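Raw contents of entry05.cif, mmCIF, C-alpha atoms:
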```cif
data_start
#
loop_
_atom_site.group_PDB
_atom_site.id
_atom_site.type_symbol
_atom_site.label_atom_id
_atom_site.label_comp_id
_atom_site.auth_asym_id
_atom_site.auth_seq_id
_atom_site.Cartn_x
_atom_site.Cartn_y
_atom_site.Cartn_z
ATOM 1 C CA ILE A 1 10.529 -116.517 210.181
ATOM 2 C CA ALA A 2 11.376 -112.833 209.754
ATOM 3 C CA VAL A 3 12.841 -111.729 206.431
ATOM 4 C CA ILE A 4 14.306 -108.286 206.982
ATOM 5 C CA GLY A 5 16.274 -105.846 204.882
ATOM 6 C CA PRO A 6 16.116 -103.384 202.018
ATOM 7 C CA LEU A 7 16.434 -106.186 199.436
ATOM 8 C CA THR A 8 13.646 -108.327 200.897
ATOM 9 C CA ASN A 9 11.329 -107.512 197.975
ATOM 10 C CA PHE A 10 14.001 -106.788 195.364
ATOM 11 C CA SER A 11 12.997 -108.747 192.300
ATOM 12 C CA GLU A 12 11.346 -107.196 189.268
ATOM 13 C CA ALA A 13 13.883 -104.374 188.748
ATOM 14 C CA ASP A 14 16.715 -106.878 189.026
ATOM 15 C CA THR A 15 15.075 -109.414 186.741
ATOM 16 C CA GLY A 16 14.333 -106.843 184.071
ATOM 17 C CA TYR A 17 17.878 -105.533 184.184
ATOM 18 C CA TYR A 18 19.852 -108.769 184.354
ATOM 19 C CA GLY A 19 17.435 -111.014 182.486
ATOM 20 C CA PRO A 20 14.444 -111.024 180.160
ATOM 21 C CA HIS A 21 11.838 -108.336 180.751
ATOM 22 C CA ASP A 22 8.860 -110.663 180.585
ATOM 23 C CA CYS A 23 9.802 -114.073 181.912
ATOM 24 C CA CYS A 24 8.522 -116.929 184.050
ATOM 25 C CA GLY A 25 4.889 -115.910 183.685
ATOM 26 C CA ARG A 26 5.810 -112.478 185.128
ATOM 27 C CA ASN A 27 6.692 -114.108 188.454
ATOM 28 C CA TYR A 28 9.413 -111.962 189.951
ATOM 29 C CA TRP A 29 10.499 -113.957 192.963
ATOM 30 C CA ASN A 30 12.222 -112.368 195.927
ATOM 31 C CA VAL A 31 13.922 -113.497 199.147
ATOM 32 C CA ILE A 32 10.548 -113.938 200.874
ATOM 33 C CA ASP A 33 9.489 -116.370 198.146
ATOM 34 C CA ALA A 34 12.763 -118.291 198.504
ATOM 35 C CA VAL A 35 12.327 -118.602 202.277
ATOM 36 C CA ALA A 36 8.692 -119.645 201.854
ATOM 37 C CA LYS A 37 9.538 -122.416 199.365
ATOM 38 C CA TYR A 38 10.468 -124.964 202.073
ATOM 39 C CA SER A 39 9.134 -123.222 205.155
ATOM 40 C CA PRO A 40 6.742 -125.361 207.216
ATOM 41 C CA ALA A 41 3.150 -124.295 206.559
ATOM 42 C CA GLN A 42 2.543 -123.598 210.248
ATOM 43 C CA GLN A 43 5.530 -121.230 210.416
ATOM 44 C CA PRO A 44 4.405 -117.774 209.275
ATOM 45 C CA ILE A 45 6.762 -115.493 207.376
ATOM 46 C CA VAL A 46 6.813 -111.809 208.235
ATOM 47 C CA SER A 47 8.908 -109.111 206.623
ATOM 48 C CA ALA A 48 10.153 -105.580 207.060
ATOM 49 C CA LEU A 49 12.542 -103.464 205.050
ATOM 50 C CA GLY A 50 14.121 -101.718 208.017
ATOM 51 C CA VAL A 51 15.929 -99.485 205.511
ATOM 52 C CA PRO A 52 14.025 -98.310 202.382
ATOM 53 C CA THR A 53 16.766 -99.064 199.811
ATOM 54 C CA ALA A 54 20.315 -100.392 199.797
ATOM 55 C CA ALA A 55 21.835 -96.940 199.342
ATOM 56 C CA SER A 56 19.531 -95.177 201.825
ATOM 57 C CA ASN A 57 20.637 -93.903 205.194
ATOM 58 C CA ASP A 58 17.040 -93.630 206.460
ATOM 59 C CA THR A 59 16.948 -95.544 209.746
ATOM 60 C CA SER A 60 13.317 -94.805 210.650
ATOM 61 C CA GLY A 61 12.200 -98.391 209.947
ATOM 62 C CA ILE A 62 14.912 -100.129 211.969
ATOM 63 C CA ALA A 63 13.037 -100.101 215.286
ATOM 64 C CA ALA A 64 10.106 -102.034 213.778
ATOM 65 C CA ALA A 65 12.531 -104.494 212.149
ATOM 66 C CA VAL A 66 14.321 -105.024 215.479
ATOM 67 C CA GLN A 67 11.009 -105.708 217.212
ATOM 68 C CA MET A 68 10.115 -108.205 214.483
ATOM 69 C CA ALA A 69 13.526 -109.904 214.779
ATOM 70 C CA GLY A 70 13.118 -110.263 218.544
ATOM 71 C CA ALA A 71 9.763 -111.989 218.139
ATOM 72 C CA ALA A 72 10.823 -114.387 215.363
ATOM 73 C CA ASP A 73 12.344 -117.841 215.772
ATOM 74 C CA THR A 74 14.523 -117.336 212.686
ATOM 75 C CA VAL A 75 15.831 -114.163 211.037
ATOM 76 C CA VAL A 76 17.040 -113.853 207.446
ATOM 77 C CA LEU A 77 18.588 -110.515 206.485
ATOM 78 C CA ALA A 78 18.409 -109.503 202.798
ATOM 79 C CA ILE A 79 21.059 -106.832 202.293
ATOM 80 C CA GLY A 80 23.604 -105.701 199.727
ATOM 81 C CA THR A 81 23.359 -103.422 196.712
ATOM 82 C CA ASP A 82 20.705 -102.553 194.181
ATOM 83 C CA LEU A 83 20.756 -100.820 190.809
ATOM 84 C CA SER A 84 20.965 -97.367 192.419
ATOM 85 C CA TRP A 85 24.308 -98.443 193.909
ATOM 86 C CA ALA A 86 25.907 -99.582 190.674
ATOM 87 C CA ALA A 87 24.796 -100.501 187.167
ATOM 88 C CA GLU A 88 26.130 -100.428 183.623
ATOM 89 C CA GLY A 89 27.753 -97.022 183.176
ATOM 90 C CA HIS A 90 27.364 -96.208 186.895
ATOM 91 C CA ASP A 91 30.212 -97.568 188.987
ATOM 92 C CA ALA A 92 29.915 -98.141 192.712
ATOM 93 C CA LEU A 93 31.463 -95.350 194.760
ATOM 94 C CA SER A 94 32.241 -97.493 197.800
ATOM 95 C CA ILE A 95 32.792 -101.076 198.909
ATOM 96 C CA THR A 96 31.168 -100.487 202.284
ATOM 97 C CA PHE A 97 27.542 -101.059 203.222
ATOM 98 C CA SER A 98 25.451 -97.971 203.913
ATOM 99 C CA ASP A 99 25.528 -96.900 207.555
ATOM 100 C CA ALA A 100 21.817 -97.697 207.771
ATOM 101 C CA GLN A 101 22.332 -101.288 206.564
ATOM 102 C CA LEU A 102 25.146 -101.779 209.079
ATOM 103 C CA GLU A 103 22.918 -100.458 211.867
ATOM 104 C CA LEU A 104 20.095 -102.741 210.708
ATOM 105 C CA VAL A 105 22.385 -105.789 210.812
ATOM 106 C CA ALA A 106 23.827 -104.932 214.222
ATOM 107 C CA LYS A 107 20.496 -104.220 215.895
ATOM 108 C CA THR A 108 18.425 -107.022 214.361
ATOM 109 C CA ALA A 109 21.162 -109.589 214.973
ATOM 110 C CA ALA A 110 21.424 -108.458 218.599
ATOM 111 C CA ALA A 111 17.651 -108.795 219.031
ATOM 112 C CA ALA A 112 17.407 -112.204 217.334
ATOM 113 C CA LYS A 113 16.982 -115.331 219.458
ATOM 114 C CA GLN A 114 19.642 -117.196 217.485
ATOM 115 C CA PRO A 115 22.293 -116.295 214.894
ATOM 116 C CA VAL A 116 20.888 -114.693 211.737
ATOM 117 C CA VAL A 117 21.439 -115.708 208.122
ATOM 118 C CA VAL A 118 22.500 -112.937 205.759
ATOM 119 C CA VAL A 119 21.502 -113.293 202.114
ATOM 120 C CA LEU A 120 23.872 -110.923 200.348
ATOM 121 C CA LEU A 121 22.591 -109.668 196.996
ATOM 122 C CA THR A 122 25.231 -107.662 195.187
ATOM 123 C CA ALA A 123 26.946 -107.368 191.835
ATOM 124 C CA THR A 124 29.831 -105.419 193.367
ATOM 125 C CA PRO A 125 32.484 -106.331 195.926
ATOM 126 C CA LEU A 126 31.684 -105.276 199.494
ATOM 127 C CA ASP A 127 33.671 -105.214 202.721
ATOM 128 C CA LEU A 128 32.173 -108.081 204.751
ATOM 129 C CA THR A 129 34.179 -107.310 207.914
ATOM 130 C CA PRO A 130 31.168 -105.981 209.874
ATOM 131 C CA LEU A 131 29.206 -109.145 209.081
ATOM 132 C CA LEU A 132 31.993 -111.614 209.737
ATOM 133 C CA SER A 133 32.978 -109.956 213.012
ATOM 134 C CA ASN A 134 29.411 -110.077 214.374
ATOM 135 C CA ASP A 135 28.967 -113.177 216.571
ATOM 136 C CA LYS A 136 25.221 -113.173 215.870
ATOM 137 C CA VAL A 137 25.700 -113.540 212.094
ATOM 138 C CA GLY A 138 25.668 -117.305 211.671
ATOM 139 C CA ALA A 139 26.022 -117.450 207.886
ATOM 140 C CA VAL A 140 26.516 -115.210 204.876
ATOM 141 C CA LEU A 141 25.150 -116.491 201.574
ATOM 142 C CA HIS A 142 26.557 -114.416 198.707
ATOM 143 C CA THR A 143 24.134 -114.711 195.811
ATOM 144 C CA GLY A 144 25.228 -112.015 193.384
ATOM 145 C CA GLN A 145 22.306 -110.499 191.472
ATOM 146 C CA LEU A 146 20.016 -113.419 190.849
ATOM 147 C CA SER A 147 17.604 -112.225 188.193
ATOM 148 C CA VAL A 148 15.168 -115.112 187.608
ATOM 149 C CA THR A 149 16.983 -117.700 189.736
ATOM 150 C CA MET A 150 15.964 -116.375 193.168
ATOM 151 C CA LEU A 151 14.080 -119.533 194.137
ATOM 152 C CA GLY A 152 17.372 -121.435 193.941
ATOM 153 C CA VAL A 153 18.354 -119.673 197.164
ATOM 154 C CA ALA A 154 15.796 -121.869 198.935
ATOM 155 C CA GLU A 155 17.792 -125.033 198.273
ATOM 156 C CA LEU A 156 20.854 -123.413 199.830
ATOM 157 C CA LEU A 157 19.039 -121.940 202.840
ATOM 158 C CA TYR A 158 17.367 -125.232 203.708
ATOM 159 C CA GLY A 159 20.385 -127.453 203.004
ATOM 160 C CA LYS A 160 18.863 -129.243 200.007
ATOM 161 C CA VAL A 161 22.102 -128.609 198.087
ATOM 162 C CA SER A 162 25.575 -127.593 199.171
ATOM 163 C CA PRO A 163 27.629 -126.568 196.162
ATOM 164 C CA ALA A 164 31.176 -125.272 196.319
ATOM 165 C CA GLY A 165 30.749 -121.709 195.087
ATOM 166 C CA ARG A 166 33.399 -119.362 193.888
ATOM 167 C CA ALA A 167 33.109 -115.598 194.097
ATOM 168 C CA VAL A 168 33.698 -113.613 190.922
ATOM 169 C CA GLN A 169 35.172 -110.719 192.912
ATOM 170 C CA THR A 170 37.522 -110.295 195.833
ATOM 171 C CA PHE A 171 35.677 -109.694 199.101
ATOM 172 C CA TYR A 172 37.482 -107.939 201.936
#
```
Write out the structure in this file as structure tokens.
Amino acid sequence: IAVIGPLTNFSEADTGYYGPHDCCGRNYWNVIDAVAKYSPAQQPIVSALGVPTAASNDTSGIAAAVQMAGAADTVVLAIGTDLSWAAEGHDALSITFSDAQLELVAKTAAAAKQPVVVVLLTATPLDLTPLLSNDKVGAVLHTGQLSVTMLGVAELLYGKVSPAGRAVQTFY
């Protein structure tokens, strides 16, 4: 399983901002941890950022992420926004993904053996058109900014639960 994207390791900054600063035994879970929760022991998990941060337009890591996606049986993309994009007193300037994130999605999805799953971490509305129009994006799981509840993503990814969620914003 390849977990790819600039929000692959996004955890502690988010937890400290949206939740208590010292919680859960200082375990700051991320998307890799959520994927690993029910992953078969014999199925290794690899990861790559591809793009350094959500707001970055640095594409130098995309080639390695594409190679990883092509070799994996399953690809999970962790994309969206982080606290540099928007936070209290700092509004988002755009509802579109960075060009680098869009390139990462397009190229890794094209290289993947089967449709990819996008885990969308964002506290702001985003235009999902590029994701929804990509035939190799099999699912988009909008999680918001999870703080300490990241491991709950595992139940959704592996079909342990199937709640009827409602978005708190309009998504275009």
Output of the PyMOL selection byres ((chain A and resi 62-76) around 9), listed as a PyMOL selection string:
chain A and resi 1-5+31+35+46-51+58-61+77-78+100+103-104+107-119
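Closest approach to Pro6 of chain A from the set A:Leu151, A:Leu132, A:Ile79, A:Leu121 is made by A:Ile79, with distances taken over only C-alpha atoms.
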Hey, can you check how far atom CA of Leu120 of chain A sits from atom CA of His142 of chain A?
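Atom CA of His142 of chain A lies at a distance of 4.7 Å from atom CA of Leu120 of chain A.
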Hey, what's within 9 Å of segment 128-131 of chain A if we count all atoms listed in the file and toss same-chain stuff fewer than 6 positions away? As a PDB file with C-alpha atoms, in the frame of the given file, please?
```pdb
ATOM      1  CA  THR A  96      31.168-100.487 202.284  1.00  0.00           C
ATOM      2  CA  PHE A  97      27.542-101.059 203.222  1.00  0.00           C
ATOM      3  CA  LEU A 102      25.146-101.779 209.079  1.00  0.00           C
ATOM      4  CA  VAL A 105      22.385-105.789 210.812  1.00  0.00           C
ATOM      5  CA  ALA A 106      23.827-104.932 214.222  1.00  0.00           C
ATOM      6  CA  VAL A 118      22.500-112.937 205.759  1.00  0.00           C
ATOM      7  CA  VAL A 137      25.700-113.540 212.094  1.00  0.00           C
ATOM      8  CA  ALA A 139      26.022-117.450 207.886  1.00  0.00           C
ATOM      9  CA  VAL A 140      26.516-115.210 204.876  1.00  0.00           C
ATOM     10  CA  PHE A 171      35.677-109.694 199.101  1.00  0.00           C
ATOM     11  CA  TYR A 172      37.482-107.939 201.936  1.00  0.00           C
TER      12      TYR A 172
END
```
So how many Å separate atom CA of Val153 of chain A and atom CA of Asp91 of chain A, to one decimal?
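A separation of 26.4 Å between them.
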Computed gap from atom CA of Asp82 of chain A to atom CA of Ala55 of chain A is 7.7 Å
Best match for closeness to Ala86 of chain A among A:Glu155, A:Asn57, A:Gln42, A:Gln145, counting all atoms listed in the file
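Smallest distance to Ala86 of chain A is found for A:Gln145.
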When you look at Trp85 of chain A with a cut-off of 10 Å (counting all atoms listed in the file), what residues show up, excluding the ones that are within fewer than 4 positions of it in the same chain? I need them as a tab-separated table (two decimals) with C-alpha atoms, in the coordinates of the input.
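Final output, saved to part.tsv:
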```
chain	number	residue	atom	x	y	z
A	53	THR	CA	16.77	-99.06	199.81
A	54	ALA	CA	20.32	-100.39	199.80
A	55	ALA	CA	21.84	-96.94	199.34
A	56	SER	CA	19.53	-95.18	201.82
A	80	GLY	CA	23.60	-105.70	199.73
A	81	THR	CA	23.36	-103.42	196.71
A	90	HIS	CA	27.36	-96.21	186.90
A	91	ASP	CA	30.21	-97.57	188.99
A	92	ALA	CA	29.92	-98.14	192.71
A	93	LEU	CA	31.46	-95.35	194.76
A	94	SER	CA	32.24	-97.49	197.80
A	122	THR	CA	25.23	-107.66	195.19
A	123	ALA	CA	26.95	-107.37	191.84
A	124	THR	CA	29.83	-105.42	193.37
```
Will you give me segment 36-51 of chain A, written with all heavy atoms and laid out as a CSV table (one decimal), in the first residue's frame?
```csv
chain,number,residue,atom,x,y,z
A,36,ALA,N,-2.6,1.7,8.2
A,36,ALA,CA,-1.9,0.5,8.9
A,36,ALA,C,-2.8,-0.2,9.9
A,36,ALA,O,-2.6,-1.4,10.1
A,36,ALA,CB,-0.6,1.0,9.6
A,37,LYS,N,-3.8,0.5,10.4
A,37,LYS,CA,-4.7,-0.1,11.4
A,37,LYS,C,-5.3,-1.4,11.1
A,37,LYS,O,-5.3,-2.3,11.9
A,37,LYS,CB,-5.8,0.9,11.8
A,37,LYS,CG,-6.6,0.4,13.0
A,37,LYS,CD,-7.5,1.5,13.5
A,37,LYS,CE,-8.3,1.0,14.7
A,37,LYS,NZ,-9.3,2.0,15.2
A,38,TYR,N,-5.8,-1.6,9.8
A,38,TYR,CA,-6.4,-2.8,9.4
A,38,TYR,C,-5.6,-3.5,8.2
A,38,TYR,O,-6.1,-4.4,7.7
A,38,TYR,CB,-7.9,-2.6,9.0
A,38,TYR,CG,-8.7,-2.2,10.1
A,38,TYR,CD1,-9.3,-0.9,10.2
A,38,TYR,CD2,-9.0,-3.1,11.2
A,38,TYR,CE1,-10.1,-0.5,11.2
A,38,TYR,CE2,-9.8,-2.7,12.3
A,38,TYR,CZ,-10.3,-1.4,12.3
A,38,TYR,OH,-11.1,-1.0,13.3
A,39,SER,N,-4.5,-2.9,7.9
A,39,SER,CA,-3.7,-3.5,6.8
A,39,SER,C,-3.2,-4.9,7.2
A,39,SER,O,-2.7,-5.1,8.3
A,39,SER,CB,-2.6,-2.6,6.5
A,39,SER,OG,-1.8,-3.1,5.5
A,40,PRO,N,-3.3,-5.8,6.2
A,40,PRO,CA,-2.7,-7.2,6.5
A,40,PRO,C,-1.2,-7.0,6.9
A,40,PRO,O,-0.5,-6.2,6.2
A,40,PRO,CB,-2.9,-7.9,5.2
A,40,PRO,CG,-4.0,-7.2,4.5
A,40,PRO,CD,-3.9,-5.8,4.9
A,41,ALA,N,-0.8,-7.8,7.8
A,41,ALA,CA,0.6,-7.7,8.3
A,41,ALA,C,1.6,-7.9,7.2
A,41,ALA,O,2.7,-7.3,7.1
A,41,ALA,CB,0.9,-8.7,9.4
A,42,GLN,N,1.3,-8.8,6.2
A,42,GLN,CA,2.2,-9.1,5.1
A,42,GLN,C,2.2,-8.0,4.0
A,42,GLN,O,3.0,-8.1,3.1
A,42,GLN,CB,1.9,-10.5,4.5
A,42,GLN,CG,0.6,-10.5,3.7
A,42,GLN,CD,-0.7,-10.8,4.5
A,42,GLN,OE1,-0.7,-10.7,5.7
A,42,GLN,NE2,-1.7,-11.1,3.9
A,43,GLN,N,1.3,-7.0,4.1
A,43,GLN,CA,1.2,-6.0,3.1
A,43,GLN,C,2.0,-4.8,3.6
A,43,GLN,O,1.4,-4.0,4.5
A,43,GLN,CB,-0.2,-5.7,2.8
A,43,GLN,CG,-0.4,-4.8,1.6
A,43,GLN,CD,-1.8,-4.8,1.1
A,43,GLN,OE1,-2.7,-4.9,1.9
A,43,GLN,NE2,-2.0,-4.6,-0.2
A,44,PRO,N,3.2,-4.5,3.1
A,44,PRO,CA,3.9,-3.4,3.6
A,44,PRO,C,3.3,-2.0,3.2
A,44,PRO,O,2.6,-2.0,2.2
A,44,PRO,CB,5.3,-3.5,3.0
A,44,PRO,CG,5.1,-4.3,1.8
A,44,PRO,CD,3.9,-5.2,2.1
A,45,ILE,N,3.5,-1.0,4.0
A,45,ILE,CA,3.1,0.3,3.7
A,45,ILE,C,4.3,1.2,3.4
A,45,ILE,O,5.2,1.2,4.2
A,45,ILE,CB,2.2,0.9,4.9
A,45,ILE,CG1,1.0,0.0,5.1
A,45,ILE,CG2,1.8,2.4,4.6
A,45,ILE,CD1,0.2,0.4,6.3
A,46,VAL,N,4.3,1.9,2.3
A,46,VAL,CA,5.3,2.8,1.9
A,46,VAL,C,4.7,4.2,1.8
A,46,VAL,O,3.5,4.3,1.6
A,46,VAL,CB,6.0,2.3,0.6
A,46,VAL,CG1,6.8,1.0,0.8
A,46,VAL,CG2,5.1,2.2,-0.5
A,47,SER,N,5.5,5.2,1.9
A,47,SER,CA,4.9,6.5,1.7
A,47,SER,C,5.9,7.5,1.1
A,47,SER,O,7.1,7.3,1.1
A,47,SER,CB,4.5,7.1,3.1
A,47,SER,OG,5.6,7.3,3.9
A,48,ALA,N,5.3,8.5,0.5
A,48,ALA,CA,6.1,9.6,-0.1
A,48,ALA,C,5.2,10.8,-0.1
A,48,ALA,O,4.0,10.8,-0.3
A,48,ALA,CB,6.5,9.3,-1.5
A,49,LEU,N,5.8,12.0,0.1
A,49,LEU,CA,5.1,13.2,0.1
A,49,LEU,C,4.7,13.6,-1.3
A,49,LEU,O,3.6,14.1,-1.6
A,49,LEU,CB,5.8,14.4,0.8
A,49,LEU,CG,6.1,14.2,2.3
A,49,LEU,CD1,6.9,15.4,2.8
A,49,LEU,CD2,4.9,14.0,3.1
A,50,GLY,N,5.6,13.5,-2.2
A,50,GLY,CA,5.4,13.9,-3.6
A,50,GLY,C,5.5,15.5,-3.7
A,50,GLY,O,6.1,16.0,-4.6
A,51,VAL,N,4.8,16.2,-2.9
A,51,VAL,CA,4.8,17.6,-2.8
A,51,VAL,C,5.0,17.9,-1.3
A,51,VAL,O,4.4,17.4,-0.4
A,51,VAL,CB,3.4,18.2,-3.2
A,51,VAL,CG1,3.4,19.7,-3.1
A,51,VAL,CG2,3.1,17.8,-4.7
```
